[in-house]
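**Q** Got entry23.cif for you, mmCIF, C-alpha atoms:
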data_input
#
loop_
_atom_site.label_atom_id
_atom_site.label_comp_id
_atom_site.auth_asym_id
_atom_site.auth_seq_id
_atom_site.Cartn_x
_atom_site.Cartn_y
_atom_site.Cartn_z
CA ASN A 1 66.09 110.34 100.33
CA VAL A 2 67.90 108.53 103.13
CA MET A 3 66.22 105.27 102.06
CA ALA A 4 67.23 105.89 98.44
CA VAL A 5 70.87 106.46 99.39
CA ALA A 6 70.88 103.32 101.53
CA ALA A 7 69.39 101.28 98.69
CA ALA A 8 71.91 102.68 96.22
CA ARG A 9 74.72 101.58 98.51
CA ALA A 10 73.51 97.99 98.93
CA PHE A 11 75.38 95.24 97.09
CA PRO A 12 73.19 93.42 94.58
CA VAL A 13 72.18 89.85 95.42
CA TYR A 14 74.24 87.42 93.34
CA PRO A 15 72.09 85.04 91.26
CA ILE A 16 74.04 81.85 92.09
CA GLY A 17 73.83 79.81 95.28
CA THR A 18 71.70 79.76 98.43
CA LYS A 19 71.99 82.55 100.98
CA GLY A 20 74.22 81.54 103.88
CA GLN A 21 75.60 78.43 102.17
CA PRO A 22 79.07 78.30 100.55
CA TRP A 23 79.19 77.17 96.97
CA GLY A 24 79.76 73.54 96.13
CA THR A 25 80.80 72.00 92.83
CA ALA A 26 77.41 72.63 91.20
CA GLU A 27 77.48 76.35 91.96
CA ARG A 28 81.06 76.74 90.75
CA ASP A 29 80.17 74.91 87.55
CA GLN A 30 77.14 77.16 87.09
CA TRP A 31 79.26 80.26 87.65
CA ARG A 32 81.92 79.09 85.20
CA SER A 33 79.30 78.28 82.55
CA LEU A 34 78.28 81.94 82.52
CA GLN A 35 81.79 83.21 81.77
CA THR A 36 82.64 83.91 78.12
CA LYS A 37 85.85 84.75 76.32
CA LYS A 38 85.97 88.47 75.53
CA ARG A 39 89.61 88.95 74.47
CA SER A 40 92.66 86.87 73.61
CA TYR A 41 95.60 86.24 75.92
CA VAL A 42 97.64 84.89 73.00
CA THR A 43 96.99 87.96 70.85
CA ASP A 44 97.28 90.61 73.54
CA VAL A 45 100.11 89.17 75.63
CA VAL A 46 102.03 86.29 74.03
CA ASN A 47 102.10 87.65 70.49
CA GLU A 48 102.63 91.18 71.78
CA LEU A 49 105.72 90.07 73.71
CA GLN A 50 107.11 88.45 70.58
CA SER A 51 106.41 91.61 68.61
CA ILE A 52 108.08 93.85 71.18
CA PHE A 53 111.24 91.76 71.12
CA SER A 54 111.33 91.41 67.33
CA LYS A 55 111.32 95.21 66.95
CA ASP A 56 113.84 96.07 69.67
CA ALA A 57 117.38 94.71 69.34
CA ALA A 58 118.50 96.57 72.46
CA LEU A 59 115.83 94.82 74.51
CA ALA A 60 116.60 91.43 73.02
CA ALA A 61 120.26 91.94 73.98
CA VAL A 62 119.50 92.29 77.70
CA ALA A 63 116.22 90.40 78.21
CA GLU A 64 114.64 87.08 77.31
CA ILE A 65 111.13 85.66 77.20
CA THR A 66 111.01 82.63 79.47
CA PRO A 67 108.18 80.08 79.84
CA TYR A 68 107.48 79.34 83.48
CA GLY A 69 104.36 77.19 83.61
CA HIS A 70 101.52 75.47 81.79
CA LEU A 71 97.94 75.80 83.02
CA ASP A 72 95.71 72.93 81.92
CA TYR A 73 92.00 73.49 82.48
CA THR A 74 90.78 70.94 79.93
CA ASN A 75 89.20 68.96 82.81
CA LEU A 76 86.82 71.91 83.14
CA GLY A 77 86.12 72.05 79.42
CA LEU A 78 88.46 75.01 78.99
CA SER A 79 91.80 75.74 77.31
CA THR A 80 95.42 75.36 78.24
CA TYR A 81 97.64 78.39 78.79
CA ASP A 82 101.40 78.73 78.57
CA LEU A 83 102.77 81.27 81.04
CA PHE A 84 105.63 83.63 80.14
CA ALA A 85 107.94 85.96 82.00
CA VAL A 86 110.51 88.45 80.78
CA LYS A 87 113.76 88.38 82.72
CA SER A 88 117.25 89.80 82.56
CA LYS A 89 119.54 87.64 80.44
CA ASP A 90 122.52 88.33 82.68
CA PHE A 91 121.34 87.62 86.22
CA SER A 92 124.14 88.85 88.46
CA LYS A 93 124.85 88.49 92.17
CA ASP A 94 126.23 92.03 91.94
CA ARG A 95 122.76 93.48 91.27
CA ARG A 96 119.65 93.43 93.45
CA THR A 97 116.50 91.86 92.00
CA VAL A 98 113.27 93.66 91.09
CA VAL A 99 109.98 91.88 90.45
CA VAL A 100 107.01 93.32 88.53
CA THR A 101 103.77 91.33 88.34
CA GLY A 102 100.58 92.00 86.41
CA GLY A 103 97.34 90.22 85.65
CA VAL A 104 97.01 88.51 89.03
CA HIS A 105 93.43 89.68 88.65
CA GLY A 106 92.93 89.21 84.94
CA TYR A 107 90.14 91.76 84.59
CA GLU A 108 92.44 94.56 85.75
CA THR A 109 93.59 95.53 82.28
CA SER A 110 96.27 98.12 83.01
CA GLY A 111 98.03 95.65 85.29
CA VAL A 112 98.74 93.52 82.23
CA HIS A 113 99.29 96.31 79.71
CA GLY A 114 101.24 98.43 82.18
CA ALA A 115 103.66 95.54 82.65
CA LEU A 116 103.98 95.17 78.87
CA LEU A 117 104.58 98.91 78.53
CA PHE A 118 107.31 98.75 81.17
CA ILE A 119 109.00 95.95 79.21
CA ARG A 120 108.72 97.93 75.97
CA GLU A 121 109.86 101.31 77.25
CA LYS A 122 111.83 100.89 80.48
CA PHE A 123 113.41 97.44 80.72
CA VAL A 124 116.55 98.44 78.83
CA GLN A 125 116.97 101.53 81.02
CA TYR A 126 116.96 99.55 84.26
CA ALA A 127 118.74 96.38 83.09
CA PRO A 128 122.25 97.67 83.99
CA LYS A 129 121.09 98.63 87.49
CA VAL A 130 119.04 95.64 88.69
CA ASN A 131 118.09 92.11 87.79
CA LEU A 132 114.54 92.25 86.41
CA ILE A 133 111.74 89.69 86.46
CA VAL A 134 108.43 90.73 84.88
CA LEU A 135 105.36 88.46 84.83
CA PRO A 136 102.82 90.41 82.76
CA CYS A 137 99.78 88.12 82.97
CA ILE A 138 99.65 85.62 85.82
CA THR A 139 96.00 84.57 85.31
CA PRO A 140 95.31 84.27 81.56
CA TRP A 141 91.80 82.75 81.73
CA ALA A 142 90.66 85.63 83.93
CA TYR A 143 92.24 88.08 81.48
CA GLU A 144 90.26 86.55 78.62
CA THR A 145 86.94 86.40 80.49
CA ILE A 146 87.48 89.69 82.38
CA ASN A 147 87.30 88.05 85.77
CA ARG A 148 88.79 88.42 89.23
CA TRP A 149 89.00 84.67 89.88
CA ASN A 150 90.59 81.74 88.11
CA PRO A 151 88.31 79.07 86.55
CA GLU A 152 87.96 77.28 89.87
CA ALA A 153 86.44 80.42 91.46
CA VAL A 154 89.63 81.00 93.47
CA ASP A 155 90.99 84.52 93.98
CA PRO A 156 94.67 84.31 92.97
CA ASN A 157 95.48 87.39 95.04
CA ARG A 158 94.64 85.53 98.24
CA SER A 159 96.66 82.49 97.17
CA PHE A 160 100.34 83.47 97.40
CA ASP A 161 101.35 81.31 100.36
CA PRO A 162 104.82 79.92 99.54
CA ALA A 163 104.25 76.99 101.89
CA ALA A 164 100.93 76.02 100.31
CA PRO A 165 99.87 77.86 97.14
CA LYS A 166 96.10 78.02 96.87
CA CYS A 167 95.97 77.95 93.07
CA GLN A 168 98.16 76.88 90.15
CA GLU A 169 98.68 80.44 88.96
CA ALA A 170 100.20 81.50 92.28
CA GLY A 171 102.26 78.33 92.56
CA PHE A 172 103.90 78.69 89.15
CA ALA A 173 104.63 82.38 89.69
CA MET A 174 106.19 81.94 93.13
CA LYS A 175 108.32 78.98 92.10
CA PHE A 176 109.70 80.79 89.06
CA VAL A 177 110.38 84.11 90.77
CA LEU A 178 112.01 82.63 93.87
CA GLU A 179 114.15 80.14 91.93
CA THR A 180 115.17 82.70 89.30
CA GLY A 181 115.87 85.34 91.92
CA ALA A 182 118.19 83.00 93.79
CA ALA A 183 120.71 83.43 90.95
CA GLY A 184 120.93 87.19 91.54
CA GLY A 185 121.52 89.54 94.40
CA ASP A 186 118.99 89.97 97.18
CA PHE A 187 115.42 90.85 96.28
CA LEU A 188 114.93 94.62 96.44
CA VAL A 189 111.48 95.56 95.06
CA HIS A 190 108.24 93.82 94.19
CA THR A 191 105.57 95.96 92.51
CA ASP A 192 102.26 94.21 91.82
CA LEU A 193 100.03 96.03 89.34
CA HIS A 194 96.27 96.20 89.97
CA GLU A 195 93.09 98.19 89.39
CA THR A 196 90.01 98.94 91.45
CA THR A 197 86.97 99.00 89.15
CA ASP A 198 83.25 99.71 89.39
CA THR A 199 82.64 95.99 88.86
CA ASP A 200 84.28 95.30 92.22
CA ASN A 201 81.02 96.49 93.80
CA SER A 202 78.58 95.44 91.09
CA GLU A 203 79.96 91.95 90.34
CA PHE A 204 82.98 90.68 92.22
CA CYS A 205 82.09 91.54 95.83
CA PRO A 206 78.55 90.12 95.48
CA ALA A 207 80.02 86.97 93.88
CA LYS A 208 82.46 86.58 96.77
CA PHE A 209 79.73 86.87 99.41
CA ALA A 210 77.65 84.28 97.53
CA ARG A 211 80.59 81.90 97.01
CA ASP A 212 81.56 82.03 100.69
CA GLY A 213 77.99 82.00 102.04
CA THR A 214 78.62 85.14 104.09
CA ASP A 215 76.72 88.33 104.77
CA PRO A 216 77.85 91.34 102.73
CA GLU A 217 80.63 93.45 104.18
CA PRO A 218 80.03 97.17 104.75
CA TRP A 219 79.74 99.10 101.49
CA SER A 220 82.75 101.14 100.38
CA GLU A 221 82.69 103.57 97.47
CA ILE A 222 85.17 102.84 94.69
CA PRO A 223 87.92 105.48 95.02
CA ASP A 224 88.17 107.82 92.03
CA GLY A 225 91.87 107.81 91.30
CA PHE A 226 95.16 106.04 91.85
CA TYR A 227 96.28 104.72 95.24
CA VAL A 228 98.72 102.16 96.60
CA VAL A 229 98.42 99.37 99.15
CA ALA A 230 101.30 99.42 101.63
CA ASP A 231 102.37 96.17 103.29
CA SER A 232 101.78 96.68 107.00
CA SER A 233 103.34 93.30 107.77
CA ARG A 234 106.81 94.73 106.99
CA PRO A 235 108.62 97.75 108.44
CA MET A 236 106.69 100.71 107.04
CA GLN A 237 108.60 102.65 104.37
CA MET A 238 106.54 105.84 104.16
CA GLY A 239 109.08 107.63 101.96
CA PHE A 240 108.86 104.75 99.50
CA TYR A 241 105.08 105.03 99.19
CA GLU A 242 105.11 108.81 99.10
CA ALA A 243 107.59 108.69 96.21
CA GLN A 244 105.15 106.51 94.24
CA ILE A 245 102.25 108.90 94.81
CA ALA A 246 104.41 111.89 93.83
CA ALA A 247 105.50 110.19 90.60
CA VAL A 248 102.03 109.00 89.61
CA ARG A 249 100.48 112.40 90.38
CA LYS A 250 102.39 113.72 87.35
CA VAL A 251 100.53 111.20 85.16
CA THR A 252 97.04 110.85 86.64
CA HIS A 253 94.97 111.93 89.63
CA ILE A 254 95.32 110.45 93.12
CA ALA A 255 92.25 109.03 94.88
CA PRO A 256 90.94 111.24 97.69
CA ALA A 257 89.93 109.59 100.96
CA ASP A 258 86.21 109.35 101.72
CA GLU A 259 84.41 111.30 104.43
CA ASN A 260 85.78 108.86 107.02
CA GLY A 261 89.39 109.25 105.91
CA CYS A 262 89.32 105.83 104.25
CA LEU A 263 90.03 104.15 100.93
CA ILE A 264 88.20 100.85 100.25
CA GLY A 265 87.06 100.85 103.87
CA ASP A 266 90.46 101.28 105.52
CA LYS A 267 92.04 104.36 107.06
CA ILE A 268 94.70 105.96 104.92
CA ILE A 269 98.16 106.58 106.38
CA GLY A 270 99.12 109.16 103.76
CA ASP A 271 97.72 110.70 100.60
CA GLY A 272 96.68 107.76 98.41
CA ILE A 273 98.26 105.18 100.76
CA VAL A 274 96.28 102.48 102.57
CA PRO A 275 97.88 99.69 104.66
CA TYR A 276 97.05 95.99 104.36
CA PRO A 277 98.66 92.98 106.11
CA CYS A 278 99.79 91.54 102.79
CA ILE A 279 101.60 88.48 104.17
CA ASP A 280 98.62 87.41 106.29
CA LEU A 281 96.30 87.82 103.30
CA HIS A 282 98.70 85.96 100.95
CA LEU A 283 98.69 88.82 98.45
CA CYS A 284 101.01 88.54 95.46
CA ALA A 285 103.22 91.40 96.64
CA SER A 286 104.01 89.49 99.84
CA PHE A 287 105.82 86.36 98.69
CA THR A 288 109.36 87.66 98.11
CA PRO A 289 111.64 88.91 100.91
CA SER A 290 111.93 92.30 99.18
CA PRO A 291 112.14 95.16 101.68
CA TYR A 292 110.21 97.40 99.26
CA VAL A 293 106.82 96.06 98.12
CA THR A 294 103.69 97.74 96.86
CA THR A 295 100.37 96.96 95.24
CA THR A 296 99.16 99.60 92.80
CA GLU A 297 95.48 100.43 92.30
CA VAL A 298 94.40 102.32 89.19
CA TYR A 299 90.76 103.41 88.66
CA PRO A 300 90.12 102.93 84.94
CA ASP A 301 86.41 103.82 85.11
CA SER A 302 87.06 107.45 86.03
CA PRO A 303 85.90 110.05 83.49
CA LYS A 304 89.16 111.86 84.26
CA THR A 305 91.42 109.20 82.72
CA ASN A 306 91.86 106.82 79.78
CA ALA A 307 93.50 103.47 79.06
CA ASP A 308 96.87 104.89 78.02
CA GLU A 309 97.05 107.10 81.10
CA CYS A 310 96.26 104.12 83.32
CA ASN A 311 99.06 102.09 81.73
CA ARG A 312 101.50 104.97 82.12
CA ALA A 313 100.51 105.45 85.75
CA GLN A 314 101.50 101.84 86.36
CA VAL A 315 104.87 102.37 84.68
CA ALA A 316 105.49 105.59 86.61
CA CYS A 317 104.89 103.73 89.85
CA VAL A 318 107.27 100.92 88.93
CA GLU A 319 109.96 103.47 88.07
CA ALA A 320 109.42 105.33 91.33
CA CYS A 321 109.71 102.08 93.29
CA ILE A 322 113.02 101.16 91.68
CA ASP A 323 114.49 104.67 91.82
CA TYR A 324 113.64 105.12 95.49
CA ALA A 325 114.93 101.69 96.50
CA LEU A 326 118.23 102.17 94.67
CA ALA A 327 118.71 105.60 96.26
CA HIS A 328 118.12 104.28 99.78
#
What does the file become when written as structure tokens?
**A**
Amino acid sequence: NVMAVAAARAFPVYPIGTKGQPWGTAERDQWRSLQTKKRSYVTDVVNELQSIFSKDAALAAVAEITPYGHLDYTNLGLSTYDLFAVKSKDFSKDRRTVVVTGGVHGYETSGVHGALLFIREKFVQYAPKVNLIVLPCITPWAYETINRWNPEAVDPNRSFDPAAPKCQEAGFAMKFVLETGAAGGDFLVHTDLHETTDTDNSEFCPAKFARDGTDPEPWSEIPDGFYVVADSSRPMQMGFYEAQIAAVRKVTHIAPADENGCLIGDKIIGDGIVPYPCIDLHLCASFTPSPYVTTTEVYPDSPKTNADECNRAQVACVEACIDYALAH
């Protein structure tokens, strides 16, 4: 039985590359050739944004859809993608600025659809209180192919270094947010919307070890429920994170720590709260000077939840972030 448990907790061997050797161009090309389009960014995001605005005059009065970049992957035999944000029309120095990002990891569906739901249902409510910038789908190719990486096998959520962006997706997003935000008051909140899925262990972690030519890291069970990643590289705002957990608990269940008091291999510092050095890791939530930043993690594969609940958990967390920051 002990052997069976150990085997069950071993990462599968990824079928691309040579053990101990980082991927070169041939391996990246092989990996990319195996990825197929499974859904449409234009249909699900671009057209949906247009539809939301066409049906909501109140939203159109306070917000605008703004192009902020053009991804051209035709050199890889792929498509081009126009990137869009939704921002406050009236950016004022008298209001602090709030950033919401989704789709940094394109396969994390509720990150994208949670951002769209926030635009549809909550943007108008918060527009008089803060300047808003929402980027619903930062990595469109990964959204379409249900992938963690961009087409160059780069993880966008390790690429948000303002001094040297490690991928186009991160570069366009940072440039737009920082330049747009400069027209408003100080940055206040950045909430980056993510998921932790079963495929993290079955597909994406094994692919990472193969790509980097490294030995597998210790196995961590996928947490069953919602949790947040706190930025340990900033002054810790425990009340801020606790407010998010309290708000989301009304919508969906919170992930319990494992037998070692950990989530995804790291010790929790509160119920559903795990710290990461976000600036050092160049995570998306790290690149603005906002004093309040968080990365959400929804578990969509749980039998206790569904897609709509996952989207609404994301929205509840964004609301909690803004409400807490404005009150403090």
**Q** Find the distance between CA of Leu283 (chain A) and CA of Cys137 (chain A) and write it in Å to one decimal.
**A**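 If I compute the distance from CA of Leu283 (chain A) to CA of Cys137 (chain A), I get 15.5 Å.
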**Q** When you draw a straight line from CA of Gln244 (chain A) to CA of Thr197 (chain A), how long is it in Å?
**A** 20.3 Å
**Q** Could you expand the PyMOL selection byres ((chain A and resi 221) around 12) into the explicit residues it covers here, written as a ChimeraX atom specification?
**A** /A:8-11,196-202,218-220,222-225,255-260,262-266,299
**Q** Can you write out the residues you just picked, keeping C-alpha atoms, as a PDB file, keeping the file's coordinate frame?
**A**
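File produced: part-v3.pdb:
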ATOM      1  CA  ALA A   8      71.910 102.680  96.220  1.00  0.00           C
ATOM      2  CA  ARG A   9      74.720 101.580  98.510  1.00  0.00           C
ATOM      3  CA  ALA A  10      73.510  97.990  98.930  1.00  0.00           C
ATOM      4  CA  PHE A  11      75.380  95.240  97.090  1.00  0.00           C
ATOM      5  CA  THR A 196      90.010  98.940  91.450  1.00  0.00           C
ATOM      6  CA  THR A 197      86.970  99.000  89.150  1.00  0.00           C
ATOM      7  CA  ASP A 198      83.250  99.710  89.390  1.00  0.00           C
ATOM      8  CA  THR A 199      82.640  95.990  88.860  1.00  0.00           C
ATOM      9  CA  ASP A 200      84.280  95.300  92.220  1.00  0.00           C
ATOM     10  CA  ASN A 201      81.020  96.490  93.800  1.00  0.00           C
ATOM     11  CA  SER A 202      78.580  95.440  91.090  1.00  0.00           C
ATOM     12  CA  PRO A 218      80.030  97.170 104.750  1.00  0.00           C
ATOM     13  CA  TRP A 219      79.740  99.100 101.490  1.00  0.00           C
ATOM     14  CA  SER A 220      82.750 101.140 100.380  1.00  0.00           C
ATOM     15  CA  ILE A 222      85.170 102.840  94.690  1.00  0.00           C
ATOM     16  CA  PRO A 223      87.920 105.480  95.020  1.00  0.00           C
ATOM     17  CA  ASP A 224      88.170 107.820  92.030  1.00  0.00           C
ATOM     18  CA  GLY A 225      91.870 107.810  91.300  1.00  0.00           C
ATOM     19  CA  ALA A 255      92.250 109.030  94.880  1.00  0.00           C
ATOM     20  CA  PRO A 256      90.940 111.240  97.690  1.00  0.00           C
ATOM     21  CA  ALA A 257      89.930 109.590 100.960  1.00  0.00           C
ATOM     22  CA  ASP A 258      86.210 109.350 101.720  1.00  0.00           C
ATOM     23  CA  GLU A 259      84.410 111.300 104.430  1.00  0.00           C
ATOM     24  CA  ASN A 260      85.780 108.860 107.020  1.00  0.00           C
ATOM     25  CA  CYS A 262      89.320 105.830 104.250  1.00  0.00           C
ATOM     26  CA  LEU A 263      90.030 104.150 100.930  1.00  0.00           C
ATOM     27  CA  ILE A 264      88.200 100.850 100.250  1.00  0.00           C
ATOM     28  CA  GLY A 265      87.060 100.850 103.870  1.00  0.00           C
ATOM     29  CA  ASP A 266      90.460 101.280 105.520  1.00  0.00           C
ATOM     30  CA  TYR A 299      90.760 103.410  88.660  1.00  0.00           C
TER      31      TYR A 299
END
**Q** Just checking: using all atoms listed in the file, which residue out of A:Thr214, A:Asn150, A:Thr252, A:Thr288 ends up closest to Thr18 (chain A)?
**A**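 For Thr18 (chain A), the nearest of the given residues is A:Thr214.
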**Q** For Trp141 (chain A), list every protein, DNA or RNA residue within 10 Å, evaluated using all atoms listed in the file, and leave out those in the same chain fewer than 3 positions away; present the list as a PyMOL selection string.
**A** chain A and resi 36-37+39-41+71+73+78-81+105-107+137-138+144-151
**Q** Please evaluate the PyMOL selection byres ((chain A and resi 180) around 12) against the structure above and give the resulting residues as a PyMOL selection string.
**A** chain A and resi 66+68+85-93+97-99+131-134+172-179+181-187+288
